[in-house]
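Colleague: Structure file upload-v3.csv (CSV, C-alpha atoms and all ligand atoms) is given on the next line.
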```
chain,number,residue,atom,x,y,z
P,1,MET,CA,136.3,89.7,83.7
P,2,SER,CA,133.6,92.1,84.8
P,3,THR,CA,131.0,91.2,87.5
P,4,CYS,CA,127.4,92.2,86.9
P,5,LEU,CA,124.6,92.2,89.5
P,6,ILE,CA,121.0,92.0,88.2
P,7,THR,CA,118.0,92.7,90.4
P,8,GLY,CA,114.9,91.2,89.0
P,9,ILE,CA,116.9,88.3,87.5
P,10,THR,CA,113.9,86.0,87.8
P,11,GLY,CA,111.9,88.2,85.3
P,12,GLN,CA,111.7,88.2,81.5
P,13,ASP,CA,114.4,90.9,81.1
P,14,GLY,CA,116.6,89.4,83.8
P,15,ALA,CA,116.8,86.1,82.0
P,16,TYR,CA,117.7,87.7,78.6
P,17,LEU,CA,120.1,90.1,80.2
P,18,ALA,CA,121.9,87.2,82.1
P,19,GLU,CA,122.2,85.3,78.8
P,20,LEU,CA,123.7,88.4,77.1
P,21,LEU,CA,126.1,89.2,79.8
P,22,LEU,CA,127.3,85.6,80.0
P,23,SER,CA,127.9,85.7,76.3
P,24,LYS,CA,130.1,88.7,76.9
P,25,GLY,CA,132.2,86.7,79.3
P,26,SER,CA,130.9,88.4,82.5
P,27,ARG,CA,130.3,86.9,85.8
P,28,VAL,CA,126.6,87.3,86.5
P,29,VAL,CA,125.1,87.5,90.0
P,30,GLY,CA,121.4,87.7,90.6
P,31,LEU,CA,119.6,89.2,93.6
P,32,VAL,CA,116.7,87.1,94.7
P,33,ARG,CA,114.2,87.6,97.4
P,34,HIS,CA,114.2,84.9,100.1
P,35,SER,CA,110.5,84.4,99.7
P,36,ALA,CA,110.7,83.3,96.1
P,37,THR,CA,110.8,79.5,95.8
P,38,LEU,CA,113.6,78.0,93.9
P,39,ASP,CA,111.3,76.5,91.2
P,40,PHE,CA,109.9,79.9,90.4
P,41,VAL,CA,113.3,81.5,90.5
P,42,GLY,CA,114.8,79.1,88.0
P,43,GLU,CA,112.1,78.8,85.4
P,44,ARG,CA,113.0,81.6,82.9
P,45,LEU,CA,116.7,81.3,83.5
P,46,GLN,CA,116.4,77.5,82.9
P,47,SER,CA,114.5,78.0,79.7
P,48,LEU,CA,117.5,79.9,78.3
P,49,ASP,CA,119.9,77.4,79.8
P,50,VAL,CA,121.7,80.0,81.9
P,51,LEU,CA,120.6,79.0,85.4
P,52,LYS,CA,123.7,76.9,86.1
P,53,HIS,CA,126.0,79.8,85.0
P,54,VAL,CA,124.6,82.5,87.3
P,55,GLU,CA,125.2,83.0,91.0
P,56,LEU,CA,122.1,83.8,93.1
P,57,MET,CA,122.4,85.8,96.3
P,58,SER,CA,119.5,86.6,98.6
P,59,GLY,CA,118.5,90.2,99.4
P,60,ASP,CA,115.7,92.6,99.0
P,61,LEU,CA,115.5,96.0,97.2
P,62,ILE,CA,113.7,97.5,100.2
P,63,ASP,CA,116.4,96.3,102.7
P,64,LEU,CA,119.5,98.6,102.5
P,65,THR,CA,121.7,96.4,104.7
P,66,SER,CA,121.0,93.3,102.4
P,67,LEU,CA,122.1,95.4,99.4
P,68,ILE,CA,125.2,96.6,101.1
P,69,ARG,CA,126.0,93.0,102.1
P,70,VAL,CA,125.5,91.7,98.5
P,71,ILE,CA,127.4,94.6,96.8
P,72,SER,CA,130.3,94.2,99.3
P,73,ALA,CA,130.5,90.5,98.8
P,74,CYS,CA,130.3,90.3,95.0
P,75,GLU,CA,131.9,93.7,94.1
P,76,PRO,CA,130.0,94.3,90.9
P,77,ASP,CA,131.3,96.6,88.1
P,78,GLU,CA,127.8,97.0,86.8
P,79,ILE,CA,124.4,96.8,88.5
P,80,TYR,CA,121.2,96.5,86.4
P,81,ASN,CA,118.1,97.4,88.5
P,82,LEU,CA,115.3,95.4,86.9
P,83,GLY,CA,113.5,94.4,90.1
P,84,ALA,CA,110.1,96.0,90.6
P,85,GLN,CA,106.4,95.4,91.2
P,86,SER,CA,106.1,95.7,87.4
P,87,PHE,CA,102.4,95.1,86.6
P,88,VAL,CA,100.4,98.3,86.1
P,89,ALA,CA,97.0,96.9,87.0
P,90,THR,CA,98.2,95.5,90.3
P,91,SER,CA,99.6,98.9,91.3
P,92,TRP,CA,96.1,100.3,92.0
P,93,ASN,CA,95.5,97.4,94.4
P,94,GLU,CA,99.0,97.6,96.0
P,95,PRO,CA,100.0,101.2,95.5
P,96,ILE,CA,102.1,101.4,98.7
P,97,LEU,CA,104.0,98.2,98.0
P,98,THR,CA,104.6,99.4,94.4
P,99,GLY,CA,105.9,102.7,95.8
P,100,GLN,CA,108.2,100.9,98.2
P,101,VAL,CA,109.7,98.4,95.8
P,102,THR,CA,109.6,100.2,92.5
P,103,GLY,CA,110.3,103.7,93.8
P,104,ILE,CA,112.1,103.6,97.1
P,105,GLY,CA,113.7,100.3,96.2
P,106,THR,CA,115.7,102.1,93.5
P,107,LEU,CA,116.7,104.8,95.9
P,108,THR,CA,117.8,102.1,98.4
P,109,MET,CA,120.0,100.6,95.7
P,110,LEU,CA,121.5,104.0,94.8
P,111,GLU,CA,122.3,104.6,98.4
P,112,ALA,CA,123.9,101.2,98.7
P,113,ILE,CA,126.1,101.9,95.7
P,114,ARG,CA,127.0,105.4,97.1
P,115,ILE,CA,128.0,103.9,100.4
P,116,VAL,CA,130.0,100.8,99.1
P,117,ASN,CA,131.5,101.9,95.8
P,118,ARG,CA,130.2,104.9,93.9
P,119,LYS,CA,132.2,103.9,90.8
P,120,THR,CA,129.8,101.0,90.2
P,121,ARG,CA,127.9,101.6,86.9
P,122,PHE,CA,124.2,101.6,87.4
P,123,TYR,CA,121.3,100.9,85.0
P,124,GLN,CA,117.7,101.9,86.0
P,125,ALA,CA,114.9,100.2,84.2
P,126,SER,CA,112.6,103.1,83.5
P,127,SER,CA,109.4,102.8,81.6
P,128,SER,CA,107.4,104.4,78.8
P,129,GLU,CA,104.5,104.3,81.2
P,130,MET,CA,106.0,107.5,82.7
P,131,PHE,CA,104.7,109.2,79.5
P,132,GLY,CA,101.2,108.1,80.3
P,133,LEU,CA,98.9,110.7,79.0
P,134,ILE,CA,101.2,111.6,76.1
P,135,GLN,CA,102.2,115.2,75.6
P,136,GLN,CA,103.7,114.5,72.1
P,137,PRO,CA,102.7,112.0,69.4
P,138,MET,CA,106.2,110.4,69.5
P,139,GLN,CA,107.9,110.4,72.9
P,140,ASN,CA,111.7,111.0,73.3
P,141,GLU,CA,114.0,111.9,76.1
P,142,LYS,CA,112.8,115.5,76.1
P,143,THR,CA,109.0,114.7,76.2
P,144,ALA,CA,107.2,115.8,79.4
P,145,PHE,CA,106.0,113.0,81.6
P,146,TYR,CA,102.4,112.4,82.8
P,147,PRO,CA,102.2,109.1,84.7
P,148,ARG,CA,98.7,107.5,84.9
P,149,SER,CA,99.1,104.8,87.5
P,150,PRO,CA,100.8,104.2,90.9
P,151,TYR,CA,103.3,102.1,89.0
P,152,ALA,CA,104.2,104.9,86.6
P,153,VAL,CA,104.5,107.4,89.4
P,154,ALA,CA,106.9,105.1,91.3
P,155,LYS,CA,108.9,104.6,88.1
P,156,LEU,CA,109.1,108.3,87.6
P,157,TYR,CA,110.4,108.8,91.2
P,158,ALA,CA,113.1,106.1,90.5
P,159,HIS,CA,114.0,107.8,87.2
P,160,TRP,CA,114.5,111.2,88.7
P,161,MET,CA,116.5,109.7,91.6
P,162,THR,CA,118.8,108.1,89.1
P,163,VAL,CA,119.3,111.4,87.3
P,164,ASN,CA,119.8,113.1,90.7
P,165,TYR,CA,122.5,110.6,91.9
P,166,ARG,CA,124.3,111.1,88.6
P,167,GLU,CA,124.2,114.9,89.0
P,168,SER,CA,124.7,115.0,92.8
P,169,HIS,CA,127.2,112.3,93.3
P,170,GLY,CA,128.8,112.0,89.9
P,171,MET,CA,127.7,108.4,89.6
P,172,HIS,CA,127.7,106.5,86.3
P,173,ALA,CA,123.9,106.1,86.5
P,174,SER,CA,121.8,105.7,83.3
P,175,SER,CA,118.1,105.4,82.9
P,176,GLY,CA,116.7,103.4,80.0
P,177,ILE,CA,113.2,104.5,79.2
P,178,LEU,CA,112.1,101.2,77.6
P,179,PHE,CA,108.8,100.9,75.7
P,180,ASN,CA,106.8,97.6,76.1
P,181,HIS,CA,109.0,94.6,75.3
P,182,GLU,CA,107.7,91.1,75.0
P,183,SER,CA,108.8,87.5,74.4
P,184,PRO,CA,107.8,84.0,75.2
P,185,LEU,CA,109.1,84.7,78.7
P,186,ARG,CA,106.7,87.7,79.3
P,187,GLY,CA,104.6,87.3,82.4
P,188,ILE,CA,101.1,85.9,81.7
P,189,GLU,CA,99.4,88.9,83.3
P,190,PHE,CA,100.6,91.2,80.5
P,191,VAL,CA,98.3,91.5,77.5
P,192,THR,CA,100.6,90.1,74.8
P,193,ARG,CA,101.3,86.8,76.7
P,194,LYS,CA,97.6,86.6,77.8
P,195,ILE,CA,96.7,86.7,74.2
P,196,THR,CA,99.3,84.3,72.8
P,197,ASP,CA,98.5,81.9,75.7
P,198,GLY,CA,94.8,82.2,75.0
P,199,VAL,CA,95.4,81.6,71.3
P,200,ALA,CA,97.3,78.4,72.1
P,201,ARG,CA,94.6,77.1,74.5
P,202,ILE,CA,91.8,77.8,72.1
P,203,LYS,CA,93.7,76.1,69.2
P,204,LEU,CA,94.3,73.0,71.4
P,205,GLY,CA,90.7,72.9,72.6
P,206,LEU,CA,91.6,73.9,76.2
P,207,ALA,CA,89.6,77.1,76.2
P,208,LYS,CA,86.6,78.5,74.3
P,209,ASP,CA,87.2,82.2,74.5
P,210,LEU,CA,89.5,85.0,75.6
P,211,ALA,CA,88.3,88.0,77.7
P,212,LEU,CA,90.2,91.3,77.5
P,213,GLY,CA,89.8,94.9,78.6
P,214,ASN,CA,90.4,97.9,76.4
P,215,VAL,CA,91.3,96.5,73.0
P,216,ASP,CA,91.7,100.0,71.6
P,217,ALA,CA,94.9,100.6,73.6
P,218,ARG,CA,98.0,101.0,71.4
P,219,ARG,CA,101.5,100.1,72.4
P,220,ASP,CA,105.0,100.3,70.8
P,221,TRP,CA,105.9,96.6,71.3
P,222,GLY,CA,109.5,95.4,70.8
P,223,HIS,CA,111.3,92.1,71.6
P,224,ALA,CA,113.0,91.8,75.1
P,225,ARG,CA,116.1,90.2,73.5
P,226,ASP,CA,116.7,93.4,71.5
P,227,TYR,CA,116.0,95.6,74.5
P,228,VAL,CA,118.4,94.1,77.0
P,229,ARG,CA,121.2,94.8,74.5
P,230,ALA,CA,120.4,98.5,74.8
P,231,MET,CA,120.7,98.2,78.6
P,232,TRP,CA,124.2,96.8,78.2
P,233,LEU,CA,125.2,99.4,75.6
P,234,MET,CA,124.2,102.2,78.0
P,235,LEU,CA,126.7,101.0,80.6
P,236,GLN,CA,129.5,100.6,78.1
P,237,GLN,CA,129.4,104.4,77.3
P,238,GLU,CA,132.0,106.7,78.8
P,239,LYS,CA,129.2,109.0,80.0
P,240,PRO,CA,126.0,108.0,81.7
P,241,ASP,CA,122.7,109.3,80.2
P,242,ASP,CA,119.0,108.6,79.6
P,243,TYR,CA,117.8,106.8,76.5
P,244,VAL,CA,114.4,106.0,75.0
P,245,VAL,CA,114.3,102.4,73.6
P,246,ALA,CA,111.5,101.7,71.2
P,247,THR,CA,110.6,100.5,67.7
P,248,GLY,CA,108.7,103.6,66.6
P,249,GLN,CA,105.7,101.5,65.5
P,250,THR,CA,102.5,101.3,67.4
P,251,THR,CA,99.9,98.5,67.3
P,252,SER,CA,96.5,98.2,69.0
P,253,VAL,CA,95.6,95.3,71.3
P,254,ARG,CA,92.9,94.5,68.7
P,255,ASP,CA,95.5,94.1,65.9
P,256,PHE,CA,97.8,92.1,68.2
P,257,CYS,CA,94.9,89.7,68.6
P,258,LYS,CA,94.2,89.5,64.9
P,259,ILE,CA,97.9,88.8,64.1
P,260,ALA,CA,98.2,86.2,66.9
P,261,PHE,CA,95.0,84.3,65.9
P,262,ASP,CA,96.2,84.4,62.3
P,263,VAL,CA,99.3,82.4,63.3
P,264,VAL,CA,97.1,79.4,64.0
P,265,GLY,CA,94.6,80.1,61.2
P,266,LEU,CA,91.7,81.3,63.4
P,267,ASN,CA,89.6,84.5,63.3
P,268,TRP,CA,90.1,86.5,66.5
P,269,LYS,CA,86.5,87.9,66.2
P,270,ASP,CA,85.1,84.4,66.9
P,271,TYR,CA,86.9,84.2,70.3
P,272,VAL,CA,87.7,87.5,71.9
P,273,THR,CA,85.2,89.1,74.3
P,274,THR,CA,85.6,92.3,76.3
P,275,ARG,CA,85.0,92.6,80.1
P,276,SER,CA,84.5,95.9,81.9
P,277,ASP,CA,86.3,94.7,85.1
P,278,LEU,CA,89.5,94.4,83.0
P,279,ILE,CA,89.3,98.2,82.1
P,280,ARG,CA,91.8,100.2,84.2
P,281,PRO,CA,90.9,103.2,86.5
P,282,ALA,CA,93.1,105.4,84.3
P,283,GLU,CA,94.3,104.2,80.9
P,284,VAL,CA,97.4,104.9,78.8
P,285,ASP,CA,95.7,105.0,75.4
P,286,VAL,CA,98.7,105.1,73.1
P,287,LEU,CA,102.5,105.0,73.3
P,288,CYS,CA,105.0,105.4,70.5
P,289,GLY,CA,108.7,106.0,71.1
P,290,ASP,CA,111.3,107.9,69.2
P,291,ALA,CA,114.6,106.1,69.7
P,292,THR,CA,116.8,108.3,67.6
P,293,LYS,CA,119.2,109.0,70.4
P,294,ALA,CA,119.7,105.3,71.1
P,295,ARG,CA,120.3,104.7,67.4
P,296,THR,CA,122.8,107.5,67.0
P,297,VAL,CA,124.7,107.4,70.3
P,298,LEU,CA,124.5,103.7,71.1
P,299,GLY,CA,124.3,102.3,67.6
P,300,TRP,CA,121.2,100.3,68.8
P,301,ALA,CA,118.4,99.2,66.5
P,302,PRO,CA,115.8,96.4,67.0
P,303,THR,CA,116.4,93.3,64.9
P,304,ILE,CA,113.3,91.2,65.6
P,305,SER,CA,110.2,92.1,63.6
P,306,PHE,CA,106.8,92.5,65.3
P,307,GLY,CA,105.3,89.6,63.2
P,308,ASP,CA,108.2,87.3,64.0
P,309,MET,CA,107.9,88.1,67.7
P,310,VAL,CA,104.1,87.3,67.8
P,311,ALA,CA,104.7,84.1,65.9
P,312,GLU,CA,107.5,83.1,68.3
P,313,MET,CA,105.2,83.7,71.3
P,314,VAL,CA,102.3,81.8,69.9
P,315,GLU,CA,104.4,78.8,68.9
P,316,ALA,CA,106.1,78.8,72.4
P,317,ASP,CA,102.7,78.7,74.1
P,318,LEU,CA,101.5,75.9,71.8
P,319,ARG,CA,104.6,73.9,72.7
P,320,ARG,CA,104.1,74.6,76.4
P,321,HIS,CA,100.5,73.5,76.5
P,322,THR,CA,101.1,70.5,74.3
P,323,ALA,CA,103.9,69.3,76.6
P,324,ARG,CA,101.8,69.9,79.7
P,325,ASN,CA,98.9,67.9,78.3
P,326,HIS,CA,101.2,65.0,77.4
P,327,ALA,CA,103.0,65.0,80.8
L,401,LIG,P1,101.5,98.0,80.3
L,401,LIG,O1,101.6,98.9,79.1
L,401,LIG,O2,102.7,97.9,81.1
L,401,LIG,O3,100.3,98.3,81.1
L,401,LIG,O4,101.3,96.5,79.7
L,401,LIG,P2,100.1,95.5,79.6
L,401,LIG,O5,100.4,94.4,78.7
L,401,LIG,O6,99.6,95.1,81.0
L,401,LIG,O7,98.9,96.3,79.0
L,401,LIG,C1,98.9,96.9,77.7
L,401,LIG,C2,97.6,97.5,77.3
L,401,LIG,O8,96.7,96.5,77.1
L,401,LIG,C3,96.9,98.4,78.4
L,401,LIG,O9,96.5,99.6,77.8
L,401,LIG,C4,95.8,97.5,78.9
L,401,LIG,O10,94.7,98.3,79.4
L,401,LIG,C5,95.4,96.8,77.6
L,401,LIG,N1,94.6,95.6,77.9
L,401,LIG,C6,93.4,95.2,77.4
L,401,LIG,N2,93.0,94.1,77.9
L,401,LIG,C7,93.9,93.6,78.8
L,401,LIG,C8,94.0,92.5,79.6
L,401,LIG,O11,93.2,91.6,79.6
L,401,LIG,N3,95.2,92.4,80.4
L,401,LIG,C9,96.2,93.3,80.3
L,401,LIG,N4,97.3,93.1,81.1
L,401,LIG,N5,96.1,94.4,79.6
L,401,LIG,C10,95.0,94.6,78.8
```
Kindly return the structure encoded in the file as structure tokens.

Modeller:
Amino acid sequence: MSTCLITGITGQDGAYLAELLLSKGSRVVGLVRHSATLDFVGERLQSLDVLKHVELMSGDLIDLTSLIRVISACEPDEIYNLGAQSFVATSWNEPILTGQVTGIGTLTMLEAIRIVNRKTRFYQASSSEMFGLIQQPMQNEKTAFYPRSPYAVAKLYAHWMTVNYRESHGMHASSGILFNHESPLRGIEFVTRKITDGVARIKLGLAKDLALGNVDARRDWGHARDYVRAMWLMLQQEKPDDYVVATGQTTSVRDFCKIAFDVVGLNWKDYVTTRSDLIRPAEVDVLCGDATKARTVLGWAPTISFGDMVAEMVEADLRRHTARNHA
């Protein structure tokens, strides 16, 4: 039985990945920060019914000794580094914290692995935000990066450190350049969940409108459940490498709104407003990934359609608000 350690297990991807690894028969250990309250820690894992099957150990990505302690204690075969300050807009308000956790935190984990057991396989959660001001219409592993936020700069540092530890120390370290991936477990601060939550509130009479920033932005949105499978596949390969994971389809925030409001039979134009304070200091206008390498080498392909994902998210938010109102 293999042991897998997940940082960021409390997040969307952490929950789906824990579910997947448990289904493969792995022992799953999650790193949690002491400051996180148990309620918050458990919410997403509980919703997938996996909380009782995972072991949680306290530690922090910016504290080398805590990582050494945890890795020495649980002796993982695989480490998935999903922990980060992951919200782009926040990274302008907290650029140093973002650099410390998202950037140096990854280096700290790589150092801990090098010190304790450099045979441990490592997955780094890299991001399509690293492409930022895109240099090619479809981005693949060879596309030049141009980060546009403190978050993206920190992720780029972490990405290159992963490549560097692979090349310098011969570590099995892979970087998954994942395009945006969503689900009912997505954080409410991200635009897709903000929209589906807004749609549910409006439908149930709990809100009158939904204020957004740049609705012209376009993203390549896939489903998190599909994307965590790509992470796992990367660590099952004989050789570590970097892979773009994407659907190859791009949709605007405006069209996301249209499709989400359509699910409940409402016209988005009657409810969506735009607010200038929600526009970012520097925007990533469009992202669209070319996942040919993941398809050919890993045999990975997305299975959940965009329309099904949006409907699943809206329906989950309707259920959530209905249950809360009747509680
Ligand atoms: P990101 O790609 O990691 O930044 O994911 P987000 O879901 O936070 O944002 C996706 C896009 O939606 C960005 O281009 C945002 O500028 C745009 N957007 C427009 N309105 C909003 C909003 O109200 N909240 C968020 N989070 N993003 C918005």

Colleague: Using all atoms listed in the file, which residues sit within 12 Å of segment 252-263 of chain P once same-chain residues fewer than 5 positions away are excluded, as a PyMOL selection string?

Modeller: chain P and resi 190-203+209-221+268-274+284-288+306-318

Colleague: Using all atoms listed in the file, give me every residue within 12 Å of (107.0, 111.3, 70.5) in file coordinates, as a PyMOL selection string.

Modeller: chain P and resi 128+131-145+179+220+244-250+286-292

Colleague: For Glu43 of chain P, which of P:Leu298, P:Ile115, P:Val28, P:Leu185 is the closest residue, counting all atoms listed in the file?

Modeller: P:Leu185

Colleague: Find the spatial neighbours of Ser126 of chain P, counting only C-alpha atoms, within a cut-off of 10 Å - ignore same-chain residues fewer than 4 positions away - and output them as a list of chain:residue names.

Modeller: P:Asn81, P:Leu82, P:Thr102, P:Met130, P:Ala152, P:Ala154, P:Lys155, P:Leu156, P:Tyr157, P:Ala158, P:His159, P:Trp160, P:Thr162, P:Ser174, P:Ser175, P:Gly176, P:Ile177, P:Leu178, P:Phe179, P:Asp242, P:Tyr243, P:Val244

Colleague: Which residues are close to Thr7 of chain P, i.e. within 7 Å by only C-alpha atoms, leaving aside same-chain residues fewer than 2 positions away? Reply as a PDB file with C-alpha atoms, keeping the file's coordinate frame.

Modeller:
```pdb
ATOM      1  CA  LEU P   5     124.600  92.200  89.500  1.00  0.00           C
ATOM      2  CA  ILE P   9     116.900  88.300  87.500  1.00  0.00           C
ATOM      3  CA  GLY P  30     121.400  87.700  90.600  1.00  0.00           C
ATOM      4  CA  LEU P  31     119.600  89.200  93.600  1.00  0.00           C
ATOM      5  CA  TYR P  80     121.200  96.500  86.400  1.00  0.00           C
ATOM      6  CA  ASN P  81     118.100  97.400  88.500  1.00  0.00           C
ATOM      7  CA  LEU P  82     115.300  95.400  86.900  1.00  0.00           C
ATOM      8  CA  GLY P  83     113.500  94.400  90.100  1.00  0.00           C
TER       9      GLY P  83
END
```

Colleague: Please, what distance in Å, to one decimal, runs between atom CA of Ser276 of chain P and atom N2 of ligand LIG 401 (chain L)?

Modeller: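 Between these atoms lies a distance of 9.6 Å.
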
Colleague: Would you mind reading off the distance between atom CA of Arg280 of chain P and atom CA of Gln124 of chain P, one decimal, in Å?

Modeller: 26.0 Å

Colleague: Please report the interatomic distance between atom CA of Leu56 of chain P and atom CA of Arg27 of chain P in Å with one decimal.

Modeller: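 Going from atom CA of Leu56 of chain P over to atom CA of Arg27 of chain P, I get 11.4 Å.
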
Colleague: Which residues come within 12 Å of segment 51-54 of chain P, counting all atoms listed in the file, excluding same-chain residues fewer than 6 positions away, as number ranges by chain?

Modeller: P: 3-6, 9-10, 14-23, 25-32, 38-45

Colleague: With distances taken over all atoms listed in the file, which of P:Ala112, P:Ser149, P:Ser86, P:Ser47 is nearest to Ile62 of chain P?

Modeller: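 That would be P:Ala112, the residue with the smallest distance to Ile62 of chain P.
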
Colleague: Between P:Leu48, P:Ile279, P:Ile68, P:Ile79, which one has atoms that come closest to ligand LIG 401 (chain L), using all atoms listed in the file?

Modeller: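 Going through P:Leu48, P:Ile279, P:Ile68, P:Ile79 one by one, the smallest distance to ligand LIG 401 (chain L) is for P:Ile279.
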
Colleague: Ranking P:Asn267, P:Ser183, P:Ser168, P:Gln100 by minimum distance to ligand LIG 401 (chain L) and counting all atoms listed in the file, which one comes first?

Modeller: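 The closest residue to ligand LIG 401 (chain L) is P:Ser183.
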
Colleague: Could you check the closest approach to ligand LIG 401 (chain L) for each of P:Arg148, P:Arg166, P:Arg225, P:Arg121 and tell me which residue wins, using all atoms listed in the file?

Modeller: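 The closest residue to ligand LIG 401 (chain L) is P:Arg148.
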
Colleague: Find the spatial neighbours of Leu61 of chain P, counting only C-alpha atoms, within a cut-off of 9 Å - ignore same-chain residues fewer than 3 positions away - and output them as a ChimeraX atom specification.

Modeller: /P:7,31,33,64,66-67,83-84,100-102,104-109

Colleague: Closest to ligand LIG 401 (chain L) among P:Leu266, P:Asn325, P:Met231, P:Asn180, using all atoms listed in the file?

Modeller: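 Counting all atoms listed in the file, the residue closest to ligand LIG 401 (chain L) is P:Asn180.
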